[in-house]
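Note: the block below is model.tsv and it holds TSV, C-alpha atoms.
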```tsv
chain	number	residue	atom	x	y	z
A	1178	MET	CA	35.53	-17.24	-31.56
A	1179	GLN	CA	35.68	-19.74	-28.74
A	1180	ALA	CA	32.57	-19.56	-26.56
A	1181	ASP	CA	31.75	-21.71	-23.53
A	1182	ASP	CA	28.24	-23.06	-23.01
A	1183	ARG	CA	26.15	-21.69	-20.17
A	1184	LYS	CA	22.46	-21.44	-19.31
A	1185	LEU	CA	20.60	-18.14	-19.28
A	1186	VAL	CA	17.84	-18.49	-16.68
A	1187	THR	CA	15.08	-15.92	-17.10
A	1188	ILE	CA	12.53	-15.47	-14.33
A	1189	ILE	CA	9.53	-13.18	-14.70
A	1190	THR	CA	7.71	-12.59	-11.44
A	1191	GLU	CA	6.21	-10.10	-8.99
A	1192	ALA	CA	8.33	-7.13	-7.97
A	1193	ALA	CA	7.46	-7.87	-4.33
A	1194	LEU	CA	9.83	-10.84	-4.48
A	1195	GLU	CA	12.87	-8.91	-5.69
A	1196	ARG	CA	14.87	-8.78	-2.47
A	1197	ARG	CA	14.05	-12.35	-1.49
A	1198	LEU	CA	14.92	-13.73	-4.93
A	1199	ALA	CA	18.22	-11.88	-5.08
A	1200	GLU	CA	19.23	-13.49	-1.80
A	1201	ASP	CA	18.09	-16.94	-2.97
A	1202	LEU	CA	20.06	-16.67	-6.20
A	1203	LYS	CA	23.30	-15.77	-4.49
A	1204	ARG	CA	22.85	-18.50	-1.91
A	1205	LEU	CA	22.24	-21.06	-4.67
A	1206	GLY	CA	25.53	-20.17	-6.32
A	1207	ALA	CA	24.74	-17.59	-8.99
A	1208	HIS	CA	27.65	-15.20	-9.46
A	1209	GLY	CA	25.44	-12.36	-10.54
A	1210	TYR	CA	22.03	-11.41	-11.87
A	1211	THR	CA	20.31	-8.64	-13.80
A	1212	ILE	CA	16.89	-7.28	-12.86
A	1213	SER	CA	14.71	-5.13	-15.05
A	1214	ASP	CA	11.12	-3.92	-14.81
A	1215	ALA	CA	8.65	-5.76	-16.99
A	1216	ARG	CA	4.98	-5.81	-17.82
A	1217	GLY	CA	2.65	-8.19	-19.57
A	1218	GLU	CA	-0.26	-10.54	-19.16
A	1219	GLY	CA	-0.53	-14.18	-18.17
A	1220	SER	CA	-2.62	-16.69	-16.28
A	1221	ARG	CA	-2.67	-14.44	-13.22
A	1222	GLY	CA	-3.97	-11.43	-15.14
A	1223	VAL	CA	-2.49	-8.23	-16.47
A	1224	ARG	CA	0.63	-7.10	-14.64
A	1225	SER	CA	0.75	-3.59	-15.99
A	1226	ALA	CA	3.56	-2.11	-13.88
A	1227	GLY	CA	1.24	0.85	-13.45
A	1228	TRP	CA	2.01	0.96	-9.75
A	1229	ASP	CA	3.72	-1.07	-7.04
A	1230	ALA	CA	1.42	-3.98	-6.42
A	1231	SER	CA	1.01	-4.80	-10.10
A	1232	SER	CA	4.62	-4.44	-11.17
A	1233	ASN	CA	6.72	-7.27	-12.51
A	1234	ILE	CA	10.43	-7.87	-12.75
A	1235	ARG	CA	12.52	-9.90	-15.14
A	1236	VAL	CA	15.50	-11.54	-13.47
A	1237	GLU	CA	18.26	-12.91	-15.67
A	1238	VAL	CA	21.04	-15.17	-14.47
A	1239	VAL	CA	23.83	-16.72	-16.53
A	1240	CYS	CA	25.20	-19.83	-14.82
A	1241	ASP	CA	26.18	-23.44	-15.43
A	1242	ALA	CA	23.61	-26.18	-15.90
A	1243	ALA	CA	23.93	-27.50	-12.33
A	1244	ILE	CA	23.18	-24.16	-10.71
A	1245	ALA	CA	20.38	-23.52	-13.20
A	1246	ALA	CA	18.81	-26.81	-12.10
A	1247	LYS	CA	19.17	-25.86	-8.44
A	1248	ILE	CA	17.58	-22.48	-9.04
A	1249	SER	CA	14.62	-23.93	-10.91
A	1250	ALA	CA	14.03	-26.60	-8.26
A	1251	HIS	CA	14.17	-24.04	-5.47
A	1252	LEU	CA	11.81	-21.61	-7.17
A	1253	ARG	CA	9.38	-24.34	-8.10
A	1254	GLN	CA	9.26	-25.54	-4.52
A	1255	HIS	CA	8.95	-22.16	-2.84
A	1256	TYR	CA	7.16	-19.80	-5.19
A	1257	TYR	CA	5.23	-21.50	-7.97
A	1258	ASP	CA	2.11	-22.21	-5.90
A	1259	HIS	CA	1.39	-18.72	-4.70
A	1260	TYR	CA	3.18	-16.22	-6.89
A	1261	ALA	CA	2.87	-15.11	-10.46
A	1262	MET	CA	6.13	-16.56	-11.78
A	1263	ILE	CA	7.50	-18.11	-14.93
A	1264	LEU	CA	10.98	-19.40	-15.54
A	1265	PHE	CA	12.71	-20.55	-18.69
A	1266	PHE	CA	16.18	-21.50	-19.90
A	1267	THR	CA	18.16	-20.54	-22.96
A	1268	ASP	CA	21.51	-21.90	-24.08
A	1269	VAL	CA	24.01	-19.11	-24.39
A	1270	GLY	CA	27.70	-18.83	-25.14
A	1271	VAL	CA	30.00	-16.80	-22.92
A	1272	LEU	CA	33.54	-15.59	-23.53
A	1273	ARG	CA	34.81	-15.49	-19.97
A	1274	PRO	CA	33.55	-18.71	-18.33
A	1275	GLU	CA	35.20	-17.91	-14.98
A	1276	LYS	CA	32.72	-15.05	-14.51
A	1277	PHE	CA	29.70	-17.35	-14.54
B	861	MET	CA	-17.96	26.55	-1.32
B	862	SER	CA	-20.14	24.65	-3.75
B	863	GLY	CA	-19.52	22.08	-6.46
B	864	ILE	CA	-17.14	19.18	-6.51
B	865	ASP	CA	-13.48	19.67	-5.65
B	866	PRO	CA	-11.33	19.73	-8.78
B	867	ILE	CA	-9.05	17.01	-7.40
B	868	VAL	CA	-12.04	14.68	-7.20
B	869	LEU	CA	-12.79	15.51	-10.84
B	870	PHE	CA	-9.23	14.43	-11.72
B	871	PHE	CA	-9.98	11.10	-10.07
B	872	LEU	CA	-13.18	10.80	-12.09
B	873	LEU	CA	-11.27	11.63	-15.27
B	874	GLY	CA	-8.84	8.80	-14.56
B	875	LEU	CA	-11.72	6.47	-13.75
B	876	VAL	CA	-13.59	7.28	-16.95
B	877	ALA	CA	-10.44	7.11	-19.09
B	878	GLY	CA	-9.58	3.75	-17.53
B	879	LEU	CA	-13.07	2.34	-17.97
B	880	GLY	CA	-13.05	3.51	-21.59
B	881	ARG	CA	-9.71	1.74	-22.12
B	882	SER	CA	-7.92	4.93	-23.06
B	883	ASP	CA	-4.19	4.52	-23.61
B	884	LEU	CA	-3.60	7.21	-20.98
B	885	ARG	CA	-1.05	5.98	-18.50
B	886	LEU	CA	1.38	7.81	-16.22
B	887	PRO	CA	4.85	6.27	-16.37
B	888	GLY	CA	5.70	4.29	-13.23
B	889	SER	CA	8.50	6.67	-12.30
B	890	ILE	CA	6.14	9.66	-12.39
B	891	TYR	CA	3.72	7.88	-10.11
B	892	GLU	CA	6.62	7.11	-7.76
B	893	PHE	CA	7.70	10.76	-7.84
B	894	LEU	CA	4.21	12.02	-7.08
B	895	SER	CA	3.81	9.64	-4.17
B	896	VAL	CA	7.23	10.64	-2.80
B	897	ILE	CA	6.18	14.31	-2.79
B	898	LEU	CA	2.82	13.54	-1.19
B	899	LEU	CA	4.28	11.34	1.54
B	900	LEU	CA	7.04	13.83	2.38
B	901	ALA	CA	4.65	16.78	2.29
B	902	ILE	CA	2.26	15.06	4.69
B	903	GLY	CA	5.14	14.05	6.97
B	904	LEU	CA	6.73	17.52	6.93
B	905	LYS	CA	3.46	19.25	7.71
B	906	GLY	CA	2.78	16.94	10.63
B	907	GLY	CA	6.35	17.21	11.89
B	908	ALA	CA	6.34	21.00	11.83
B	909	GLU	CA	3.20	20.93	13.97
B	910	LEU	CA	4.66	18.30	16.30
B	911	ALA	CA	7.47	20.73	17.07
B	912	LYS	CA	4.86	22.84	18.87
B	913	GLN	CA	3.38	19.96	20.87
B	914	SER	CA	4.68	18.17	23.91
B	915	LEU	CA	5.02	14.50	23.17
B	916	GLY	CA	3.82	13.61	26.69
B	917	ASP	CA	0.42	15.16	25.99
B	918	LEU	CA	0.11	13.20	22.79
B	919	LEU	CA	0.98	9.85	24.31
B	920	PRO	CA	-2.56	8.84	25.39
B	921	GLN	CA	-3.87	9.76	21.93
B	922	MET	CA	-1.12	7.77	20.27
B	923	LEU	CA	-1.86	4.69	22.37
B	924	ALA	CA	-5.59	4.94	21.74
B	925	VAL	CA	-5.01	5.20	17.99
B	926	ILE	CA	-2.70	2.16	17.98
B	927	LEU	CA	-5.36	0.25	19.91
B	928	MET	CA	-7.89	1.17	17.23
B	929	GLY	CA	-5.48	-0.12	14.59
B	930	LEU	CA	-5.27	-3.44	16.43
B	931	LEU	CA	-9.03	-3.77	16.96
B	932	LEU	CA	-10.39	-2.87	13.52
B	933	PRO	CA	-8.97	-5.97	11.80
B	934	LEU	CA	-10.25	-8.12	14.66
B	935	VAL	CA	-13.76	-6.89	13.88
B	936	ALA	CA	-13.32	-7.25	10.13
B	937	TYR	CA	-11.94	-10.80	10.23
B	938	PRO	CA	-15.01	-12.69	11.57
B	939	LEU	CA	-17.26	-10.75	9.17
B	940	LEU	CA	-15.11	-11.78	6.24
B	941	ARG	CA	-14.92	-15.38	7.42
B	942	ARG	CA	-18.58	-15.89	8.31
B	943	LEU	CA	-20.51	-13.61	5.98
B	944	GLY	CA	-18.03	-13.61	3.13
B	945	ARG	CA	-17.09	-17.30	3.57
B	946	LEU	CA	-13.54	-16.40	2.65
B	947	ARG	CA	-10.58	-18.65	3.29
B	948	ARG	CA	-8.61	-17.90	6.44
B	949	ALA	CA	-5.63	-16.29	4.69
B	950	ASP	CA	-7.84	-14.16	2.43
B	951	ALA	CA	-9.96	-12.94	5.33
B	952	ALA	CA	-6.87	-12.14	7.41
B	953	SER	CA	-5.23	-10.28	4.55
B	954	ILE	CA	-8.31	-8.17	3.81
B	955	ALA	CA	-8.73	-7.47	7.53
B	956	ALA	CA	-5.14	-6.18	7.61
B	957	HIS	CA	-5.81	-3.92	4.62
B	958	TYR	CA	-8.84	-2.39	6.33
B	959	GLY	CA	-7.14	-1.95	9.69
B	960	SER	CA	-4.36	-0.02	8.02
B	961	VAL	CA	-4.72	3.31	6.23
B	962	SER	CA	-4.59	4.94	2.82
B	963	VAL	CA	-2.37	7.98	2.58
B	964	GLY	CA	-4.04	9.06	-0.65
B	965	THR	CA	-7.44	9.18	1.04
B	966	TYR	CA	-5.98	11.13	3.95
B	967	ALA	CA	-4.44	13.65	1.53
B	968	VAL	CA	-7.77	14.21	-0.19
B	969	ALA	CA	-9.50	14.65	3.18
B	970	VAL	CA	-6.93	17.25	4.24
B	971	ALA	CA	-7.37	19.08	0.92
B	972	TRP	CA	-11.13	19.00	1.50
B	973	LEU	CA	-10.74	20.59	4.95
B	974	VAL	CA	-8.22	23.18	3.71
B	975	ALA	CA	-10.50	24.21	0.84
B	976	ARG	CA	-13.23	24.91	3.40
B	977	GLU	CA	-10.86	26.53	5.89
B	978	ILE	CA	-11.87	24.04	8.55
B	979	PRO	CA	-9.22	23.71	11.27
B	980	TYR	CA	-7.84	20.32	12.31
B	981	GLU	CA	-5.03	18.92	14.46
B	982	GLU	CA	-2.13	19.31	12.08
B	983	TYR	CA	-0.02	16.67	13.81
B	984	MET	CA	-2.49	14.07	12.50
B	985	PRO	CA	0.17	12.51	10.19
B	986	LEU	CA	1.65	11.05	13.37
B	987	MET	CA	-1.58	9.06	13.81
B	988	LEU	CA	-1.42	8.09	10.15
B	989	VAL	CA	2.02	6.55	10.67
B	990	LEU	CA	0.91	4.78	13.85
B	991	LEU	CA	-2.05	3.22	12.05
B	992	GLU	CA	-0.06	1.80	9.15
B	993	MET	CA	1.56	-1.04	11.04
B	994	PRO	CA	-0.49	-2.68	13.83
B	995	ALA	CA	-3.03	-4.17	11.42
B	996	ILE	CA	-0.30	-5.95	9.47
B	997	VAL	CA	0.81	-7.81	12.60
B	998	VAL	CA	-2.79	-8.64	13.55
B	999	GLY	CA	-3.48	-9.87	10.02
B	1000	ILE	CA	-0.51	-12.25	10.09
B	1001	LEU	CA	-1.43	-13.53	13.54
B	1002	LEU	CA	-5.01	-14.12	12.41
B	1003	ALA	CA	-3.83	-16.17	9.45
B	1004	ARG	CA	-1.00	-18.04	11.08
B	1005	GLY	CA	-1.37	-17.89	14.82
B	1006	VAL	CA	1.94	-17.49	16.59
B	1007	SER	CA	3.89	-19.57	14.14
B	1008	ALA	CA	7.60	-20.05	13.86
B	1009	ASP	CA	7.30	-19.98	10.07
B	1010	THR	CA	6.75	-16.28	9.84
B	1011	LYS	CA	9.98	-14.50	9.01
B	1012	TRP	CA	9.42	-11.56	11.33
B	1013	LYS	CA	12.84	-10.11	10.66
B	1014	GLU	CA	12.34	-9.88	6.92
B	1015	LEU	CA	8.82	-8.67	7.49
B	1016	GLY	CA	9.96	-6.03	9.96
B	1017	HIS	CA	12.37	-4.79	7.33
B	1018	GLU	CA	9.63	-4.68	4.73
B	1019	VAL	CA	7.29	-2.80	7.04
B	1020	PHE	CA	9.57	-0.36	8.81
B	1021	LEU	CA	11.83	0.34	5.87
B	1022	GLY	CA	9.14	0.21	3.21
B	1023	LYS	CA	9.22	3.46	1.30
B	1024	SER	CA	5.93	4.83	2.56
B	1025	ILE	CA	6.99	4.52	6.21
B	1026	VAL	CA	10.49	5.83	5.55
B	1027	LEU	CA	9.15	8.90	3.76
B	1028	LEU	CA	6.36	9.60	6.24
B	1029	VAL	CA	8.52	9.11	9.32
B	1030	GLY	CA	11.43	10.88	7.62
B	1031	GLY	CA	9.20	13.83	6.77
B	1032	LEU	CA	7.84	13.93	10.33
B	1033	LEU	CA	11.36	13.95	11.77
B	1034	ILE	CA	12.66	16.58	9.33
B	1035	GLY	CA	9.64	18.78	10.01
B	1036	TRP	CA	9.97	18.25	13.73
B	1037	VAL	CA	13.70	19.02	13.84
B	1038	ALA	CA	13.57	21.95	11.41
B	1039	GLY	CA	10.38	23.61	12.67
B	1040	PRO	CA	7.86	25.55	10.57
B	1041	GLU	CA	9.97	28.62	9.71
B	1042	ALA	CA	13.00	26.69	8.52
B	1043	LEU	CA	10.78	24.66	6.20
B	1044	GLU	CA	9.70	27.70	4.20
B	1045	PRO	CA	12.36	27.41	1.48
B	1046	VAL	CA	11.24	23.86	0.60
B	1047	GLY	CA	7.58	24.70	1.16
B	1048	GLY	CA	7.10	25.79	-2.44
B	1049	LEU	CA	7.55	22.25	-3.67
B	1050	PHE	CA	5.91	20.35	-0.86
B	1051	PHE	CA	3.09	22.65	0.22
B	1052	GLY	CA	2.67	25.07	-2.70
B	1053	LEU	CA	2.37	22.29	-5.28
B	1054	PHE	CA	0.50	19.89	-2.98
B	1055	HIS	CA	-2.89	20.22	-4.64
B	1056	GLY	CA	-1.51	19.95	-8.17
B	1057	VAL	CA	0.53	16.88	-7.27
B	1058	LEU	CA	-2.47	15.36	-5.53
B	1059	ALA	CA	-4.60	15.98	-8.63
B	1060	LEU	CA	-2.12	14.11	-10.86
B	1061	PHE	CA	-1.81	11.35	-8.29
B	1062	LEU	CA	-5.58	10.95	-8.25
B	1063	LEU	CA	-5.69	10.85	-12.04
B	1064	GLU	CA	-3.41	7.82	-11.87
B	1065	MET	CA	-5.40	6.32	-8.99
B	1066	GLY	CA	-8.54	6.64	-11.11
B	1067	LEU	CA	-6.83	4.64	-13.86
B	1068	VAL	CA	-5.69	2.03	-11.34
B	1069	ALA	CA	-9.13	1.78	-9.72
B	1070	ALA	CA	-10.72	1.34	-13.15
B	1071	GLY	CA	-8.37	-1.59	-13.71
B	1072	GLN	CA	-9.98	-3.38	-10.76
B	1073	VAL	CA	-13.44	-3.44	-12.27
B	1074	GLY	CA	-12.87	-6.71	-14.12
B	1075	SER	CA	-12.01	-8.59	-10.95
B	1076	LEU	CA	-14.89	-6.87	-9.17
B	1077	ARG	CA	-17.28	-8.57	-11.58
B	1078	ARG	CA	-15.75	-11.93	-10.78
B	1079	HIS	CA	-15.66	-11.57	-7.01
B	1080	GLY	CA	-19.02	-10.05	-6.68
B	1081	LEU	CA	-21.36	-8.46	-4.30
B	1082	PHE	CA	-19.86	-9.36	-0.97
B	1083	LEU	CA	-16.66	-7.42	-1.61
B	1084	VAL	CA	-18.62	-4.38	-2.76
B	1085	ALA	CA	-20.84	-4.51	0.32
B	1086	PHE	CA	-17.88	-5.03	2.64
B	1087	GLY	CA	-15.84	-2.34	0.89
B	1088	ILE	CA	-18.55	0.22	1.59
B	1089	LEU	CA	-20.10	-0.91	4.89
B	1090	PHE	CA	-16.91	-1.64	6.81
B	1091	PRO	CA	-15.50	1.84	6.12
B	1092	LEU	CA	-18.77	3.32	7.41
B	1093	PHE	CA	-18.34	1.32	10.61
B	1094	GLY	CA	-14.68	2.36	10.76
B	1095	ALA	CA	-15.64	6.01	10.34
B	1096	LEU	CA	-18.02	5.71	13.27
B	1097	VAL	CA	-15.28	4.18	15.43
B	1098	GLY	CA	-12.68	6.73	14.31
B	1099	GLY	CA	-15.00	9.69	14.71
B	1100	GLY	CA	-16.13	8.47	18.13
B	1101	LEU	CA	-12.55	7.98	19.24
B	1102	GLY	CA	-11.73	11.48	18.00
B	1103	LEU	CA	-14.53	12.85	20.16
B	1104	LEU	CA	-13.32	10.92	23.22
B	1105	LEU	CA	-9.79	12.18	22.66
B	1106	GLY	CA	-11.03	15.77	22.47
B	1107	PHE	CA	-10.20	16.43	18.82
B	1108	SER	CA	-11.74	19.30	16.87
B	1109	THR	CA	-14.49	18.41	14.38
B	1110	GLY	CA	-11.88	18.51	11.58
B	1111	GLY	CA	-9.64	16.18	13.57
B	1112	MET	CA	-12.55	13.81	14.29
B	1113	MET	CA	-13.27	13.72	10.57
B	1114	LEU	CA	-9.64	12.90	9.77
B	1115	LEU	CA	-9.56	10.11	12.33
B	1116	ALA	CA	-12.80	8.81	10.81
B	1117	VAL	CA	-11.18	8.93	7.37
B	1118	LEU	CA	-8.12	7.06	8.64
B	1119	ALA	CA	-10.28	4.36	10.22
B	1120	ALA	CA	-12.46	4.13	7.11
B	1121	SER	CA	-9.64	3.91	4.60
B	1122	ALA	CA	-7.92	0.73	3.47
B	1123	SER	CA	-4.26	0.39	2.59
B	1124	TYR	CA	-3.15	-0.29	-0.95
B	1125	ILE	CA	0.61	0.21	-0.73
B	1126	ALA	CA	2.22	-0.91	2.52
B	1127	VAL	CA	-0.12	-3.77	3.42
B	1128	PRO	CA	-0.29	-5.46	0.00
B	1129	ALA	CA	3.51	-5.56	-0.15
B	1130	ALA	CA	3.78	-6.99	3.37
B	1131	MET	CA	0.97	-9.51	2.83
B	1132	ARG	CA	2.51	-10.71	-0.42
B	1133	LEU	CA	5.60	-11.75	1.48
B	1134	ALA	CA	4.02	-12.89	4.74
B	1135	LEU	CA	0.85	-14.58	3.46
B	1136	PRO	CA	1.59	-15.67	-0.11
B	1137	GLU	CA	-1.42	-17.98	-0.14
B	1138	ALA	CA	-3.79	-15.04	0.30
B	1139	ASN	CA	-5.17	-13.96	-3.07
B	1140	PRO	CA	-3.99	-10.37	-3.61
B	1141	THR	CA	-6.74	-9.75	-6.15
B	1142	LEU	CA	-9.44	-9.98	-3.47
B	1143	SER	CA	-7.91	-7.46	-1.10
B	1144	LEU	CA	-6.85	-5.01	-3.81
B	1145	THR	CA	-10.19	-5.20	-5.53
B	1146	ALA	CA	-11.91	-4.30	-2.29
B	1147	SER	CA	-9.50	-1.58	-1.18
B	1148	LEU	CA	-8.76	0.01	-4.57
B	1149	GLY	CA	-11.81	-0.89	-6.61
B	1150	VAL	CA	-14.45	-0.17	-3.99
B	1151	THR	CA	-13.28	1.57	-0.83
B	1152	PHE	CA	-10.89	4.13	-2.28
B	1153	PRO	CA	-13.37	5.48	-4.85
B	1154	PHE	CA	-16.18	5.35	-2.29
B	1155	ASN	CA	-14.18	7.36	0.25
B	1156	ILE	CA	-13.01	9.91	-2.32
B	1157	LEU	CA	-16.36	10.45	-4.00
B	1158	VAL	CA	-18.85	9.97	-1.16
B	1159	GLY	CA	-17.11	9.19	2.10
B	1160	ILE	CA	-15.16	12.34	2.88
B	1161	PRO	CA	-18.09	14.79	3.02
B	1162	LEU	CA	-20.14	12.10	4.72
B	1163	TYR	CA	-17.53	11.62	7.45
B	1164	TYR	CA	-17.44	15.34	8.10
B	1165	GLY	CA	-21.19	15.30	8.55
B	1166	LEU	CA	-20.78	12.33	10.86
B	1167	ALA	CA	-18.16	14.18	12.91
B	1168	GLU	CA	-20.53	17.14	13.28
B	1169	GLN	CA	-23.36	14.85	14.38
B	1170	LEU	CA	-21.15	13.09	16.92
B	1171	ARG	CA	-19.98	16.43	18.26
B	1172	GLN	CA	-23.57	17.54	18.83
B	1173	LEU	CA	-24.45	14.24	20.50
B	1174	GLY	CA	-21.38	14.45	22.68
B	1175	GLY	CA	-22.20	18.02	23.60
```
Show this structure as structure tokens.
Amino acid sequence: MQADDRKLVTIITEAALERRLAEDLKRLGAHGYTISDARGEGSRGVRSAGWDASSNIRVEVVCDAAIAAKISAHLRQHYYDHYAMILFFTDVGVLRPEKF
Amino acid sequence: MSGIDPIVLFFLLGLVAGLGRSDLRLPGSIYEFLSVILLLAIGLKGGAELAKQSLGDLLPQMLAVILMGLLLPLVAYPLLRRLGRLRRADAASIAAHYGSVSVGTYAVAVAWLVAREIPYEEYMPLMLVLLEMPAIVVGILLARGVSADTKWKELGHEVFLGKSIVLLVGGLLIGWVAGPEALEPVGGLFFGLFHGVLALFLLEMGLVAAGQVGSLRRHGLFLVAFGILFPLFGALVGGGLGLLLGFSTGGMMLLAVLAASASYIAVPAAMRLALPEANPTLSLTASLGVTFPFNILVGIPLYYGLAEQLRQLGG
């Protein structure tokens, strides 16, 4: 099986940011993204997803390393200070590189 | 009627279960569903009543209520800054929460009146809608001044097309267009089940309020004092305004409840986007951890008593 290398960028943050993040990601060159509801606990307390203001989302983007770097720089600059947000990368293999 | 309303007991059950760290938890989608029914029911009821009113007669009342929504945060802000020594953004955000309204509190107040067969102006949901928004604008202006940084367009979208406004205004319009008789077929869901839905909603709110207790311990006395005293002041303003506007005692009480309540849905979402540097824990702790339980458990009967007193004073 021939797989091409890409980065999987996973962002876990406040649901309030969903619309704004989706726009940012597309503008920064991501071809697509997946959003799911999430809950957990971190340095900004329990985000239990019990109701709107405490709900979290997990945003996943598969893209090349350059776009992944752009995304992380943008998020760090605009959101890290004031929002509950973490971001991490994973190396993944994809079968149809033109999609990402 | 004596004893405590059962819906209040549901709130207490949620509160106790939450404080005892029970694993009880309504799924997020159920909570959403319950709030959709409540918002639509409140909108529909108000809209059906609006169909009987002439909008021209209501205009002065509407303007006065909007003015109240603009002024309440302006009173709250200096108190929060000076007495609470809060940072500018935090004070502005909390002021916005307290200038705006809580639909859940309104629903409980209406249920309280209905259980006692006390009449009120049934188009009151119109005032509820009008009070949701002005405080948000005032809060942002207090924090930022007239700054070019604020993305008013995005914020306008968030505020006007946020689900609570869409459902309330949508319900008002549907009720207004359809009229009371045509609403009967859907009334079973929205009006017949209203109290049961409200009870479940309050169970969840009790759990949510219990979750705020931890941060209440950290942020201390000032928030507790503000979360109780400012609503009392608001109730006085709202009740007084109701008297001036010629509302019935039930209507005065509802306006007092609206002025006393603090938002926990529309405003937090808007503030998160517009004032990210404001700590959301402070405002939610005050509005959900202190003011909501206070209004549900103590405030509502108190505000009715206040409305009666004001009516006697005003002749």
Select from chain B every residue with an atom at most 8 Å from any atom of chain A, then for each give the shortest pair of atoms and their distance in Å to one decimal, using all atoms listed in the file, rows by chain and rising number, as CSV.
```
residue,atom,partner,partner_atom,distance
B:Arg885,CA,A:Gly1227,CA,7.6
B:Leu886,CA,A:Gly1227,CA,7.5
B:Pro887,CA,A:Gly1227,CA,7.1
B:Gly888,CA,A:Gly1227,CA,5.6
B:Tyr891,CA,A:Trp1228,CA,7.1
B:Glu892,CA,A:Trp1228,CA,7.9
B:Val1068,CA,A:Gly1227,CA,7.3
B:Ile1125,CA,A:Ala1230,CA,7.1
B:Pro1128,CA,A:Ala1230,CA,6.8
B:Ala1129,CA,A:Ala1193,CA,6.2
B:Arg1132,CA,A:Ala1193,CA,6.9
B:Leu1133,CA,A:Ala1193,CA,7.2
B:Pro1136,CA,A:His1259,CA,5.5
B:Glu1137,CA,A:His1259,CA,5.4
```
How far is it from CA of Gly880 in chain B to CA of Ile954 in chain B, in Å with one decimal?
->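 One can read the CA of Gly880 in chain B to CA of Ile954 in chain B distance as 28.4 Å.
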Distance query Ile1248 in chain A at most 10 Å, all atoms listed in the file, self and fewer than 4 positions along chain excluded, as an mmCIF file with C-alpha atoms, in the coordinates of the input:
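What landed in around-v1.cif:
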```cif
data_model
loop_
_atom_site.group_PDB
_atom_site.id
_atom_site.type_symbol
_atom_site.label_atom_id
_atom_site.label_comp_id
_atom_site.auth_asym_id
_atom_site.auth_seq_id
_atom_site.Cartn_x
_atom_site.Cartn_y
_atom_site.Cartn_z
ATOM 1 C CA VAL A 1186 17.840 -18.490 -16.680
ATOM 2 C CA ASP A 1201 18.090 -16.940 -2.970
ATOM 3 C CA LEU A 1202 20.060 -16.670 -6.200
ATOM 4 C CA LYS A 1203 23.300 -15.770 -4.490
ATOM 5 C CA ARG A 1204 22.850 -18.500 -1.910
ATOM 6 C CA LEU A 1205 22.240 -21.060 -4.670
ATOM 7 C CA GLY A 1206 25.530 -20.170 -6.320
ATOM 8 C CA ALA A 1207 24.740 -17.590 -8.990
ATOM 9 C CA VAL A 1238 21.040 -15.170 -14.470
ATOM 10 C CA CYS A 1240 25.200 -19.830 -14.820
ATOM 11 C CA ALA A 1242 23.610 -26.180 -15.900
ATOM 12 C CA ALA A 1243 23.930 -27.500 -12.330
ATOM 13 C CA ILE A 1244 23.180 -24.160 -10.710
ATOM 14 C CA LEU A 1252 11.810 -21.610 -7.170
ATOM 15 C CA ARG A 1253 9.380 -24.340 -8.100
ATOM 16 C CA GLN A 1254 9.260 -25.540 -4.520
ATOM 17 C CA LEU A 1264 10.980 -19.400 -15.540
#
```
Could you give me, as a list of chain:residue names, the residues within 10 Å of Ile1263 in chain A, counting only C-alpha atoms and dropping anything in the same chain fewer than 6 positions from it?
->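 What passes the distance filter is A:Thr1187, A:Ile1188, A:Ile1189, A:Thr1190, A:Gly1219, A:Arg1235, A:Leu1252, A:Arg1253, A:Tyr1256, A:Tyr1257.
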Atomic distance CA of Ala1126 in chain B - CA of Lys912 in chain B, expressed in Å with one decimal |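 According to the coordinates, CA of Ala1126 in chain B and CA of Lys912 in chain B are separated by 29.0 Å.
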Here CA of Leu1033 in chain B and CA of Thr965 in chain B stand apart by 22.2 Å
With only C-alpha atoms as the basis for distance, which of A:Ser1249, A:Pro1274, A:Ala1199, A:Val1236 is at the shortest distance from Ser1213 in chain A?
->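 Going through A:Ser1249, A:Pro1274, A:Ala1199, A:Val1236 one by one, the smallest distance to Ser1213 in chain A is for A:Val1236.
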Just the residues within 12 Å of Gly1165 in chain B, please, counting only C-alpha atoms, with nothing from its chain fewer than 2 positions along; format it as a ChimeraX atom specification.
-> /B:1095-1096,1099,1109-1110,1112-1114,1116-1117,1158-1163,1167-1172
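With all atoms listed in the file as the atoms that count, the residue of A:Val1239, A:Lys1276, A:Asn1233, A:Ala1245 with the shortest distance to Ala1261 in chain A is A:Asn1233.
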From B:Pro920, B:Pro933, B:Gly907, B:Gly1016, residue lying nearest Ala1130 in chain B [all atoms listed in the file] |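 Ranked by minimum distance to Ala1130 in chain B, first place goes to B:Gly1016.
Counting all atoms listed in the file, the residue from B:Leu910, B:Val925, B:Leu1043, B:Val868 that sits nearest to Ile1156 in chain B is B:Val868.
Residue nearest Ser1024 in chain B, chosen from B:Tyr937, B:Tyr1124, B:Phe1051, B:Trp1012 and counting all atoms listed in the file: B:Tyr1124.
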Counting only C-alpha atoms, the residue of B:Val1084, B:Leu1135, B:Leu1027, B:Leu869 that sits nearest Thr1010 in chain B = B:Leu1135
First collect every listed atom of range 1058-1062 of chain B; then fit an axis-aligned box around them, widen it by 6 Å on each side, and give centre and edge lengths in Å to one decimal, as AutoDock Vina command-line options.
```
--center_x -3.7 --center_y 13.5 --center_z -8.2 --size_x 15.8 --size_y 17.0 --size_z 17.3
```
